[in-house]
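Structure below is model-v2.txt: compact mmCIF, C-alpha atoms.
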# COMPACT_ATOMS: atom_id res chain seq x y z
CA PRO A 264 127.43 111.01 107.76
CA TYR A 265 124.17 110.46 105.87
CA SER A 266 123.24 113.96 104.69
CA ASP A 267 121.88 114.06 101.18
CA LEU A 268 123.88 116.94 99.76
CA THR A 269 122.49 116.62 96.24
CA THR A 270 119.57 118.99 96.83
CA ILE A 271 119.98 122.75 96.96
CA PHE A 272 119.15 122.66 100.69
CA GLY A 273 121.65 119.87 101.23
CA ARG A 274 124.39 121.80 99.49
CA LEU A 275 123.48 124.97 101.43
CA TYR A 276 123.52 122.98 104.68
CA ASP A 277 126.91 121.52 103.78
CA LYS A 278 128.46 124.92 102.99
CA THR A 279 126.99 126.49 106.13
CA SER A 280 128.19 123.59 108.29
CA LYS A 281 131.71 123.67 106.84
CA PHE A 282 131.93 127.37 107.63
CA LEU A 283 130.29 127.39 111.08
CA GLU A 284 131.24 124.02 112.59
CA PRO A 285 134.95 124.68 113.22
CA ARG A 286 134.20 128.15 114.57
CA VAL A 287 131.56 126.87 116.99
CA LEU A 288 133.70 123.93 118.14
CA HIS A 289 136.78 126.06 118.74
CA ALA A 290 134.78 128.71 120.62
CA ALA A 291 133.07 126.17 122.91
CA ASP A 292 134.37 125.48 126.42
CA ALA A 293 133.21 121.86 126.09
CA VAL A 294 131.57 119.76 123.39
CA THR A 295 129.24 116.88 124.21
CA VAL A 296 128.47 114.11 121.76
CA ALA A 297 126.24 111.04 122.03
CA THR A 298 128.60 108.21 121.00
CA ASP A 299 132.28 107.32 121.17
CA GLY A 300 132.23 107.03 117.38
CA ILE A 301 131.18 110.67 117.04
CA ASN A 302 133.80 111.66 119.63
CA GLU A 303 136.53 109.88 117.66
CA ALA A 304 135.37 111.40 114.36
CA TYR A 305 135.51 114.95 115.77
CA ALA A 306 138.85 114.30 117.48
CA LYS A 307 140.28 113.09 114.17
CA LEU A 308 138.86 116.06 112.25
CA TYR A 309 139.76 118.64 114.95
CA PRO A 310 142.66 117.22 117.02
CA GLU A 311 143.18 120.60 118.73
CA ILE A 312 139.80 120.28 120.55
CA GLU A 313 140.16 116.63 121.57
CA ASN A 314 140.61 117.57 125.25
CA LYS A 315 137.21 119.29 125.36
CA LEU A 316 135.18 116.49 123.73
CA TYR A 317 132.95 114.53 126.12
CA THR A 318 130.71 111.57 125.38
CA ILE A 319 127.40 111.51 127.18
CA GLU A 320 125.59 108.49 125.84
CA ASN A 321 121.94 108.66 124.95
CA GLY A 322 119.31 107.33 127.25
CA TYR A 323 115.71 108.00 128.06
CA ASP A 324 113.54 109.65 130.67
CA ARG A 325 111.16 107.10 132.21
CA ASP A 326 108.46 109.77 132.43
CA ASP A 327 108.41 109.91 128.61
CA PHE A 328 107.35 106.25 128.49
CA PRO A 329 104.52 105.54 130.91
CA GLN A 330 103.11 102.03 130.69
CA LEU A 331 100.03 102.51 128.51
CA GLU A 332 96.93 100.43 128.10
CA THR A 333 97.32 98.59 124.83
CA GLU A 334 95.02 96.28 122.96
CA PRO A 335 96.61 92.89 122.31
CA ARG A 336 96.95 91.99 118.65
CA GLU A 337 96.81 88.66 116.89
CA GLY A 338 100.11 87.07 115.93
CA PHE A 339 103.65 88.33 116.44
CA ASP A 340 104.47 91.97 115.72
CA ILE A 341 107.89 93.40 114.85
CA VAL A 342 107.95 97.19 115.13
CA TYR A 343 110.40 99.65 113.60
CA VAL A 344 110.27 103.28 114.72
CA GLY A 345 111.69 106.03 112.54
CA LYS A 346 113.28 106.36 109.12
CA PHE A 347 115.13 103.78 107.10
CA SER A 348 116.37 106.44 104.65
CA ASP A 349 118.92 105.38 102.03
CA PHE A 350 121.42 103.86 104.44
CA ARG A 351 119.34 101.34 106.42
CA ASP A 352 118.33 98.29 104.43
CA PRO A 353 114.99 96.67 105.32
CA ASN A 354 115.45 93.88 102.75
CA PRO A 355 117.15 91.22 104.92
CA LEU A 356 114.36 91.35 107.50
CA LEU A 357 111.59 91.49 104.90
CA LYS A 358 113.12 88.58 102.97
CA ALA A 359 113.22 86.54 106.20
CA LEU A 360 109.58 87.42 106.95
CA SER A 361 108.65 86.39 103.43
CA ASP A 362 110.33 83.03 103.96
CA ILE A 363 108.28 82.29 107.10
CA ARG A 364 104.99 84.07 106.38
CA PHE A 365 103.06 80.85 105.62
CA ARG A 366 104.22 79.13 108.81
CA TYR A 367 103.95 81.99 111.31
CA ASP A 368 101.61 84.93 111.81
CA VAL A 369 104.24 87.70 111.85
CA SER A 370 103.56 91.33 111.03
CA PHE A 371 105.95 94.18 110.38
CA ILE A 372 104.82 97.58 111.66
CA HIS A 373 106.70 100.69 110.50
CA VAL A 374 105.95 103.57 112.88
CA GLY A 375 106.85 106.58 110.80
CA ASN A 376 106.19 108.12 107.44
CA PRO A 377 105.93 105.78 104.45
CA GLU A 378 109.18 105.25 102.54
CA GLU A 379 109.32 104.15 98.94
CA GLN A 380 112.18 101.66 99.39
CA VAL A 381 110.32 99.92 102.25
CA GLU A 382 107.05 99.77 100.36
CA ASN A 383 108.81 98.47 97.23
CA ALA A 384 110.46 95.71 99.29
CA VAL A 385 107.12 94.83 100.91
CA ARG A 386 105.63 94.39 97.42
CA GLN A 387 108.70 92.52 96.17
CA TYR A 388 108.41 89.97 99.00
CA ASP A 389 104.59 89.82 98.78
CA LEU A 390 104.14 91.02 102.37
CA GLU A 391 101.27 93.48 101.90
CA GLN A 392 99.10 91.45 104.30
CA ASN A 393 101.88 91.43 106.91
CA TYR A 394 102.82 95.12 106.76
CA GLU A 395 101.44 98.26 108.32
CA CYS A 396 102.79 101.81 108.17
CA THR A 397 101.34 104.24 110.69
CA GLY A 398 102.57 107.49 109.18
CA TYR A 399 103.74 110.17 111.58
CA VAL A 400 102.33 109.73 115.09
CA GLY A 401 102.97 111.53 118.39
CA ARG A 402 105.26 110.30 121.17
CA GLU A 403 102.50 108.61 123.19
CA GLU A 404 101.30 106.70 120.14
CA VAL A 405 104.90 105.66 119.36
CA ALA A 406 105.16 104.27 122.89
CA ARG A 407 101.82 102.49 122.49
CA TRP A 408 102.97 100.77 119.25
CA ILE A 409 106.25 99.71 120.84
CA GLN A 410 104.55 98.40 123.99
CA ARG A 411 102.02 96.34 122.05
CA SER A 412 104.68 94.78 119.81
CA ASN A 413 106.62 91.61 120.52
CA LEU A 414 109.94 92.81 119.13
CA GLY A 415 111.58 96.15 118.33
CA LEU A 416 113.78 96.31 115.24
CA ALA A 417 117.04 98.28 115.15
CA VAL A 418 118.76 98.44 111.76
CA SER A 419 122.29 99.79 111.54
CA GLY A 420 123.31 102.02 108.69
CA GLY A 421 126.90 100.92 109.18
CA SER A 422 128.43 104.17 110.44
CA PRO A 423 130.45 104.13 113.69
CA GLN A 424 128.98 107.60 114.29
CA GLU A 425 125.40 106.39 114.08
CA MET A 426 123.03 106.88 116.96
CA THR A 427 120.30 104.26 117.01
CA THR A 428 118.22 106.15 119.56
CA LYS A 429 115.15 104.00 118.98
CA ILE A 430 116.92 101.31 121.01
CA PHE A 431 116.30 103.45 124.08
CA ASP A 432 112.61 103.72 123.22
CA TYR A 433 112.42 99.93 122.99
CA MET A 434 114.28 99.54 126.30
CA ALA A 435 111.99 102.06 128.01
CA CYS A 436 108.95 100.13 126.79
CA ARG A 437 110.50 96.80 127.87
CA THR A 438 110.30 95.45 124.33
CA PRO A 439 112.98 92.93 123.24
CA ILE A 440 115.26 94.21 120.47
CA LEU A 441 116.37 92.56 117.23
CA GLY A 442 119.47 94.24 115.82
CA CYS A 443 120.24 93.92 112.11
CA GLY A 444 123.07 95.42 110.10
CA SER A 445 126.56 95.06 108.85
CA LYS A 446 129.27 93.60 111.05
If you took the structure in this file and wrote it as structure tokens, what would it be?
Amino acid sequence: PYSDLTTIFGRLYDKTSKFLEPRVLHAADAVTVATDGINEAYAKLYPEIENKLYTIENGYDRDDFPQLETEPREGFDIVYVGKFSDFRDPNPLLKALSDIRFRYDVSFIHVGNPEEQVENAVRQYDLEQNYECTGYVGREEVARWIQRSNLGLAVSGGSPQEMTTKIFDYMACRTPILGCGSK
């Protein structure tokens, strides 16, 4: 639901998907999806395949998240793993952090590649001293950042088809989760 179709690759992807998707779905014996929202969206779009749609919810493999040695950090860390993109708004959290930054030692760690909208919001709320962006890191380093943090952030983009898979990473690392998003 969030594809940016304005680029040439996005438009090519869209045309290819529109051509191939119904053919693949109709030819399949069964179709698995990760959420009920995705199941409902496909059933609405392709009612003739509704009886071969199956939801197998996401989860995690415990072996992917061994308990790692982590260095404790000063203060309280809120970690976000992944992309915000255009559809997840970091502003409500960053505004709240700005409001409490003089009373509490809270840091926001973005594990993932830098994003302009996040960095602009960090500057807007004067949070440069409370913000860290790791850039791309491997799976073990992702787990290490989650395990050393006090709270994992999940931000909804508002789509019923959305898969917030980072929630499973937080659960696997036994890190409490703060969910933010639209109703």
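Here CA of Val369 (chain A) and CA of Gly421 (chain A) stand 26.4 Å from one another.
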Two-atom distance - CA of Gly444 (chain A), CA of Ser419 (chain A) (Å):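 For CA of Gly444 (chain A) relative to CA of Ser419 (chain A), the distance reads 4.7 Å.
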Expected answer as an NGL selection string: all residues with atoms within 12 Å of (98.4, 91.5, 105.2), only C-alpha atoms: :A and (338 or 361 or 364-365 or 368-372 or 385-386 or 388-396)
Top pick for closest residue to Asn314 (chain A), considering A:Leu331, A:Ile301, A:Ile363, A:Ala293 and counting all atoms listed in the file: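 Nearest candidate to Asn314 (chain A) out of A:Leu331, A:Ile301, A:Ile363, A:Ala293: A:Ala293.
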Two-atom distance - CA of Glu379 (chain A), CA of Glu404 (chain A) (Å):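 So the two atoms, CA of Glu379 (chain A) and CA of Glu404 (chain A), lie 22.8 Å apart.
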Residue with smallest distance to Ala290 (chain A) - pool A:Arg437, A:Lys346, A:Lys315, A:His373, counting all atoms listed in the file: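 Residue with the minimum atom-to-atom distance to Ala290 (chain A): A:Lys315.
Among the candidate residues A:Phe431, A:Tyr317, A:Tyr276, A:Tyr309, the one lying nearest to Leu416 (chain A) is A:Phe431, with distances computed using all atoms listed in the file.
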For region 276-287 of chain A, where the input has fewer atoms than it should, I would like all heavy atoms rebuilt and written as a PDB file, in the frame of the given file.
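The result, written out as result-v2.pdb:
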ATOM      1  N   TYR A 276     123.218 123.503 103.340  1.00  0.00           N
ATOM      2  CA  TYR A 276     123.520 122.980 104.680  1.00  0.00           C
ATOM      3  C   TYR A 276     124.995 122.620 104.787  1.00  0.00           C
ATOM      4  O   TYR A 276     125.662 122.955 105.763  1.00  0.00           O
ATOM      5  CB  TYR A 276     122.645 121.750 104.967  1.00  0.00           C
ATOM      6  CG  TYR A 276     123.003 121.025 106.232  1.00  0.00           C
ATOM      7  CD1 TYR A 276     122.500 121.442 107.458  1.00  0.00           C
ATOM      8  CD2 TYR A 276     123.854 119.919 106.200  1.00  0.00           C
ATOM      9  CE1 TYR A 276     122.835 120.780 108.622  1.00  0.00           C
ATOM     10  CE2 TYR A 276     124.190 119.259 107.364  1.00  0.00           C
ATOM     11  CZ  TYR A 276     123.682 119.693 108.569  1.00  0.00           C
ATOM     12  OH  TYR A 276     124.016 119.027 109.717  1.00  0.00           O
ATOM     13  N   ASP A 277     125.515 121.938 103.778  1.00  0.00           N
ATOM     14  CA  ASP A 277     126.910 121.520 103.780  1.00  0.00           C
ATOM     15  C   ASP A 277     127.850 122.722 103.837  1.00  0.00           C
ATOM     16  O   ASP A 277     128.784 122.761 104.638  1.00  0.00           O
ATOM     17  CB  ASP A 277     127.205 120.667 102.544  1.00  0.00           C
ATOM     18  CG  ASP A 277     128.590 120.059 102.568  1.00  0.00           C
ATOM     19  OD1 ASP A 277     129.014 119.567 103.637  1.00  0.00           O
ATOM     20  OD2 ASP A 277     129.266 120.081 101.522  1.00  0.00           O
ATOM     21  N   LYS A 278     127.608 123.719 103.004  1.00  0.00           N
ATOM     22  CA  LYS A 278     128.460 124.920 102.990  1.00  0.00           C
ATOM     23  C   LYS A 278     128.380 125.670 104.320  1.00  0.00           C
ATOM     24  O   LYS A 278     129.399 126.105 104.857  1.00  0.00           O
ATOM     25  CB  LYS A 278     128.075 125.831 101.834  1.00  0.00           C
ATOM     26  CG  LYS A 278     128.490 125.293 100.472  1.00  0.00           C
ATOM     27  CD  LYS A 278     128.186 126.297  99.382  1.00  0.00           C
ATOM     28  CE  LYS A 278     128.474 125.787  98.003  1.00  0.00           C
ATOM     29  NZ  LYS A 278     129.708 125.109  97.793  1.00  0.00           N
ATOM     30  N   THR A 279     127.176 125.805 104.850  1.00  0.00           N
ATOM     31  CA  THR A 279     126.990 126.490 106.130  1.00  0.00           C
ATOM     32  C   THR A 279     127.710 125.731 107.247  1.00  0.00           C
ATOM     33  O   THR A 279     128.403 126.326 108.075  1.00  0.00           O
ATOM     34  CB  THR A 279     125.490 126.633 106.453  1.00  0.00           C
ATOM     35  OG1 THR A 279     124.846 127.308 105.380  1.00  0.00           O
ATOM     36  CG2 THR A 279     125.268 127.393 107.748  1.00  0.00           C
ATOM     37  N   SER A 280     127.552 124.411 107.261  1.00  0.00           N
ATOM     38  CA  SER A 280     128.190 123.590 108.290  1.00  0.00           C
ATOM     39  C   SER A 280     129.712 123.676 108.212  1.00  0.00           C
ATOM     40  O   SER A 280     130.385 123.800 109.244  1.00  0.00           O
ATOM     41  CB  SER A 280     127.769 122.127 108.157  1.00  0.00           C
ATOM     42  OG  SER A 280     126.415 121.997 108.461  1.00  0.00           O
ATOM     43  N   LYS A 281     130.245 123.601 107.000  1.00  0.00           N
ATOM     44  CA  LYS A 281     131.710 123.670 106.840  1.00  0.00           C
ATOM     45  C   LYS A 281     132.265 124.998 107.323  1.00  0.00           C
ATOM     46  O   LYS A 281     133.385 125.062 107.824  1.00  0.00           O
ATOM     47  CB  LYS A 281     132.104 123.404 105.391  1.00  0.00           C
ATOM     48  CG  LYS A 281     132.013 121.945 105.034  1.00  0.00           C
ATOM     49  CD  LYS A 281     132.443 121.689 103.608  1.00  0.00           C
ATOM     50  CE  LYS A 281     132.349 120.195 103.342  1.00  0.00           C
ATOM     51  NZ  LYS A 281     132.470 119.854 101.960  1.00  0.00           N
ATOM     52  N   PHE A 282     131.482 126.061 107.185  1.00  0.00           N
ATOM     53  CA  PHE A 282     131.930 127.370 107.630  1.00  0.00           C
ATOM     54  C   PHE A 282     131.758 127.526 109.156  1.00  0.00           C
ATOM     55  O   PHE A 282     132.684 127.974 109.844  1.00  0.00           O
ATOM     56  CB  PHE A 282     131.129 128.465 106.906  1.00  0.00           C
ATOM     57  CG  PHE A 282     131.447 129.857 107.386  1.00  0.00           C
ATOM     58  CD1 PHE A 282     132.625 130.479 106.995  1.00  0.00           C
ATOM     59  CD2 PHE A 282     130.591 130.523 108.239  1.00  0.00           C
ATOM     60  CE1 PHE A 282     132.937 131.749 107.450  1.00  0.00           C
ATOM     61  CE2 PHE A 282     130.883 131.798 108.696  1.00  0.00           C
ATOM     62  CZ  PHE A 282     132.067 132.415 108.298  1.00  0.00           C
ATOM     63  N   LEU A 283     130.591 127.139 109.670  1.00  0.00           N
ATOM     64  CA  LEU A 283     130.290 127.390 111.080  1.00  0.00           C
ATOM     65  C   LEU A 283     130.849 126.352 112.050  1.00  0.00           C
ATOM     66  O   LEU A 283     131.242 126.696 113.170  1.00  0.00           O
ATOM     67  CB  LEU A 283     128.777 127.495 111.287  1.00  0.00           C
ATOM     68  CG  LEU A 283     128.101 128.728 110.719  1.00  0.00           C
ATOM     69  CD1 LEU A 283     126.599 128.659 110.938  1.00  0.00           C
ATOM     70  CD2 LEU A 283     128.669 129.986 111.353  1.00  0.00           C
ATOM     71  N   GLU A 284     130.851 125.089 111.654  1.00  0.00           N
ATOM     72  CA  GLU A 284     131.240 124.020 112.590  1.00  0.00           C
ATOM     73  C   GLU A 284     132.588 124.260 113.261  1.00  0.00           C
ATOM     74  O   GLU A 284     132.664 124.227 114.498  1.00  0.00           O
ATOM     75  CB  GLU A 284     131.213 122.663 111.893  1.00  0.00           C
ATOM     76  CG  GLU A 284     131.545 121.516 112.836  1.00  0.00           C
ATOM     77  CD  GLU A 284     131.453 120.184 112.143  1.00  0.00           C
ATOM     78  OE1 GLU A 284     132.468 119.776 111.529  1.00  0.00           O
ATOM     79  OE2 GLU A 284     130.387 119.553 112.228  1.00  0.00           O
ATOM     80  N   PRO A 285     133.675 124.500 112.532  1.00  0.00           N
ATOM     81  CA  PRO A 285     134.950 124.680 113.220  1.00  0.00           C
ATOM     82  C   PRO A 285     134.950 125.904 114.143  1.00  0.00           C
ATOM     83  O   PRO A 285     135.551 125.871 115.227  1.00  0.00           O
ATOM     84  CB  PRO A 285     135.977 124.841 112.099  1.00  0.00           C
ATOM     85  CG  PRO A 285     135.205 125.061 110.858  1.00  0.00           C
ATOM     86  CD  PRO A 285     133.824 124.557 111.080  1.00  0.00           C
ATOM     87  N   ARG A 286     134.251 126.953 113.738  1.00  0.00           N
ATOM     88  CA  ARG A 286     134.200 128.150 114.570  1.00  0.00           C
ATOM     89  C   ARG A 286     133.458 127.881 115.884  1.00  0.00           C
ATOM     90  O   ARG A 286     133.896 128.288 116.961  1.00  0.00           O
ATOM     91  CB  ARG A 286     133.531 129.300 113.807  1.00  0.00           C
ATOM     92  CG  ARG A 286     134.439 129.860 112.709  1.00  0.00           C
ATOM     93  CD  ARG A 286     133.663 130.636 111.661  1.00  0.00           C
ATOM     94  NE  ARG A 286     134.539 131.189 110.639  1.00  0.00           N
ATOM     95  CZ  ARG A 286     135.097 130.496 109.662  1.00  0.00           C
ATOM     96  NH1 ARG A 286     134.897 129.201 109.564  1.00  0.00           N
ATOM     97  NH2 ARG A 286     135.875 131.084 108.773  1.00  0.00           N
ATOM     98  N   VAL A 287     132.340 127.209 115.794  1.00  0.00           N
ATOM     99  CA  VAL A 287     131.560 126.870 116.990  1.00  0.00           C
ATOM    100  C   VAL A 287     132.353 125.940 117.901  1.00  0.00           C
ATOM    101  O   VAL A 287     132.443 126.152 119.114  1.00  0.00           O
ATOM    102  CB  VAL A 287     130.202 126.243 116.605  1.00  0.00           C
ATOM    103  CG1 VAL A 287     129.492 125.669 117.812  1.00  0.00           C
ATOM    104  CG2 VAL A 287     129.328 127.272 115.892  1.00  0.00           C
TER     105      VAL A 287
END
